[in-house]
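Take a look at the structure below.
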Amino acid sequence: MNAVLNRMTPSITTMIRMDHTHVLALSHRYTADTALAKKRALVTNACIALQVHAQLEEEIFYPALRLVLEGDEVLDKSEPEHQQMRELIGELRERSKTDESIDEVFDEKFMQLMRIVIHHVADEETRLLPAAERLLRDELGRLGAEMTQRRIELMKPYAREIATSTARSFPVGTATGAALVTAGALAIGAMFLSRGRNGHGTGEWRKKDLSNRGSSKLM
Ligand SMILES: [Fe+2]
Ligand SMILES: [Fe+2]
């Protein structure tokens, strides 16, 4: 499984950029007059993608970067910014349970979330990813494979929600085209998720690595 992942998954920095692109593409489809069901699908998809992405960065990317980049102000504020996102995600997920709560306040909360995300993504893409590509050059592939494997675990509880919200978030014909391109990293996770269900799961990886990591603060 690890050999397959190493060959098939992008580097960790490419995967992080793909995740960012996916969330931004979802937000670009959300306008004030978007139909209610589509707003719910877009927000659900974006919130799950952000939850999984933030946890992957905190477990794999940031710790690797901290080993070679000490005292970086952007790196230091990354996790507090994730926490701000989590608070808004929690409110949005709660409000999206009923049609009545998908209102102007919901719109504003999603835009507030995206304002934080856009600033955060700008910092990561102009500071942290280039730093990783300079300082962790030989590690990027291995970290990418590790991230994909962990993604499979994190996506399992959301597999159905992701499938449904992706289908409703993108037009017919692009749900399996553009959506899979923009959600490339998520798609790779989904592909391996089905393998995991068939008994080629990630148990060994979890035993080896999770003992050294804090449990999820998010899920
Ligand atoms: Fe990120
Ligand atoms: Fe981040």
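By order of appearance in the structure tokens: chains A, B, ..., then residues from 1 within every chain, and ligands from 1 in the order shown.
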Counting only C-alpha atoms and all ligand atoms, which residues of chain A sit at most 12 Å from some atom of ligand 2, and what is each one's closest atom pair with its distance in Å to one decimal, listed by chain and rising residue number, as a tab-separated table?
```
residue	atom	partner	partner_atom_place_in_ligand_line	distance
A:Thr13	CA	ligand 2	1 (Fe)	11.7
A:Ile16	CA	ligand 2	1 (Fe)	8.7
A:Arg17	CA	ligand 2	1 (Fe)	10.5
A:Asp19	CA	ligand 2	1 (Fe)	10.2
A:His20	CA	ligand 2	1 (Fe)	9.1
A:Ala49	CA	ligand 2	1 (Fe)	11.6
A:Leu50	CA	ligand 2	1 (Fe)	8.6
A:Gln51	CA	ligand 2	1 (Fe)	10.0
A:Val52	CA	ligand 2	1 (Fe)	10.5
A:His53	CA	ligand 2	1 (Fe)	7.3
A:Ala54	CA	ligand 2	1 (Fe)	5.4
A:Gln55	CA	ligand 2	1 (Fe)	8.6
A:Leu56	CA	ligand 2	1 (Fe)	8.9
A:Glu57	CA	ligand 2	1 (Fe)	6.2
A:Glu58	CA	ligand 2	1 (Fe)	7.8
A:Glu59	CA	ligand 2	1 (Fe)	11.1
A:Ile60	CA	ligand 2	1 (Fe)	11.3
A:Phe61	CA	ligand 2	1 (Fe)	9.2
A:Tyr62	CA	ligand 2	1 (Fe)	8.6
A:Val74	CA	ligand 2	1 (Fe)	10.1
A:Leu75	CA	ligand 2	1 (Fe)	8.9
A:Asp76	CA	ligand 2	1 (Fe)	10.9
A:Lys77	CA	ligand 2	1 (Fe)	9.5
A:Ser78	CA	ligand 2	1 (Fe)	5.8
A:Glu79	CA	ligand 2	1 (Fe)	7.1
A:Pro80	CA	ligand 2	1 (Fe)	9.6
A:Glu81	CA	ligand 2	1 (Fe)	7.6
A:His82	CA	ligand 2	1 (Fe)	6.3
A:Gln83	CA	ligand 2	1 (Fe)	10.0
A:Gln84	CA	ligand 2	1 (Fe)	11.2
A:Met85	CA	ligand 2	1 (Fe)	9.8
A:Arg86	CA	ligand 2	1 (Fe)	11.5
A:Ile116	CA	ligand 2	1 (Fe)	10.4
A:Val117	CA	ligand 2	1 (Fe)	8.2
A:Ile118	CA	ligand 2	1 (Fe)	10.4
A:His119	CA	ligand 2	1 (Fe)	10.1
A:His120	CA	ligand 2	1 (Fe)	6.4
A:Val121	CA	ligand 2	1 (Fe)	6.8
A:Ala122	CA	ligand 2	1 (Fe)	9.9
A:Asp123	CA	ligand 2	1 (Fe)	8.9
A:Glu124	CA	ligand 2	1 (Fe)	6.8
A:Glu125	CA	ligand 2	1 (Fe)	9.8
A:Arg127	CA	ligand 2	1 (Fe)	11.7
A:Leu128	CA	ligand 2	1 (Fe)	9.5
A:Leu129	CA	ligand 2	1 (Fe)	10.6
```
Store the residues picked out above in a file with C-alpha atoms, as a PDB file, in the first residue's frame.
```pdb
ATOM      1  CA  THR A  13       2.671  20.881  -1.203  1.00  0.00           C
ATOM      2  CA  ILE A  16      -2.265  21.335  -0.092  1.00  0.00           C
ATOM      3  CA  ARG A  17      -2.655  23.642  -3.105  1.00  0.00           C
ATOM      4  CA  ASP A  19      -7.263  21.382  -1.362  1.00  0.00           C
ATOM      5  CA  HIS A  20      -7.139  25.197  -1.339  1.00  0.00           C
ATOM      6  CA  ALA A  49     -12.859  19.838   3.132  1.00  0.00           C
ATOM      7  CA  LEU A  50     -11.554  22.502   5.528  1.00  0.00           C
ATOM      8  CA  GLN A  51     -11.938  20.287   8.585  1.00  0.00           C
ATOM      9  CA  VAL A  52      -9.988  17.449   7.014  1.00  0.00           C
ATOM     10  CA  HIS A  53      -7.413  19.791   5.492  1.00  0.00           C
ATOM     11  CA  ALA A  54      -6.749  21.644   8.743  1.00  0.00           C
ATOM     12  CA  GLN A  55      -6.276  18.427  10.654  1.00  0.00           C
ATOM     13  CA  LEU A  56      -3.932  17.010   8.018  1.00  0.00           C
ATOM     14  CA  GLU A  57      -1.802  20.150   8.133  1.00  0.00           C
ATOM     15  CA  GLU A  58      -1.665  20.090  11.917  1.00  0.00           C
ATOM     16  CA  GLU A  59      -0.750  16.420  12.100  1.00  0.00           C
ATOM     17  CA  ILE A  60       1.668  16.166   9.180  1.00  0.00           C
ATOM     18  CA  PHE A  61       2.654  19.392   7.431  1.00  0.00           C
ATOM     19  CA  TYR A  62       3.203  21.879  10.243  1.00  0.00           C
ATOM     20  CA  VAL A  74       3.103  32.753   9.697  1.00  0.00           C
ATOM     21  CA  LEU A  75       3.621  29.198  10.894  1.00  0.00           C
ATOM     22  CA  ASP A  76       2.978  30.269  14.481  1.00  0.00           C
ATOM     23  CA  LYS A  77      -0.414  31.793  13.718  1.00  0.00           C
ATOM     24  CA  SER A  78      -1.603  28.963  11.478  1.00  0.00           C
ATOM     25  CA  GLU A  79      -3.194  26.806  14.138  1.00  0.00           C
ATOM     26  CA  PRO A  80      -4.971  29.713  15.912  1.00  0.00           C
ATOM     27  CA  GLU A  81      -6.427  30.637  12.507  1.00  0.00           C
ATOM     28  CA  HIS A  82      -7.600  27.054  12.004  1.00  0.00           C
ATOM     29  CA  GLN A  83      -9.324  27.370  15.361  1.00  0.00           C
ATOM     30  CA  GLN A  84     -11.162  30.504  14.210  1.00  0.00           C
ATOM     31  CA  MET A  85     -12.294  28.545  11.138  1.00  0.00           C
ATOM     32  CA  ARG A  86     -13.483  25.639  13.284  1.00  0.00           C
ATOM     33  CA  ILE A 116     -10.240  34.014   7.027  1.00  0.00           C
ATOM     34  CA  VAL A 117      -9.565  31.143   4.607  1.00  0.00           C
ATOM     35  CA  ILE A 118      -8.421  33.451   1.791  1.00  0.00           C
ATOM     36  CA  HIS A 119      -5.930  35.289   4.017  1.00  0.00           C
ATOM     37  CA  HIS A 120      -4.736  32.025   5.496  1.00  0.00           C
ATOM     38  CA  VAL A 121      -4.318  30.397   2.075  1.00  0.00           C
ATOM     39  CA  ALA A 122      -2.384  33.430   0.834  1.00  0.00           C
ATOM     40  CA  ASP A 123       0.057  33.101   3.727  1.00  0.00           C
ATOM     41  CA  GLU A 124       0.479  29.375   3.182  1.00  0.00           C
ATOM     42  CA  GLU A 125       0.907  29.583  -0.573  1.00  0.00           C
ATOM     43  CA  ARG A 127       5.317  31.680   2.599  1.00  0.00           C
ATOM     44  CA  LEU A 128       4.923  28.166   3.972  1.00  0.00           C
ATOM     45  CA  LEU A 129       4.696  26.079   0.798  1.00  0.00           C
TER      46      LEU A 129
END
```
The residue from A:Lys38, A:Arg7, A:Arg115, A:Arg29 with the smallest atom-to-atom distance to Ala145 (chain A), counting only C-alpha atoms, is A:Arg7
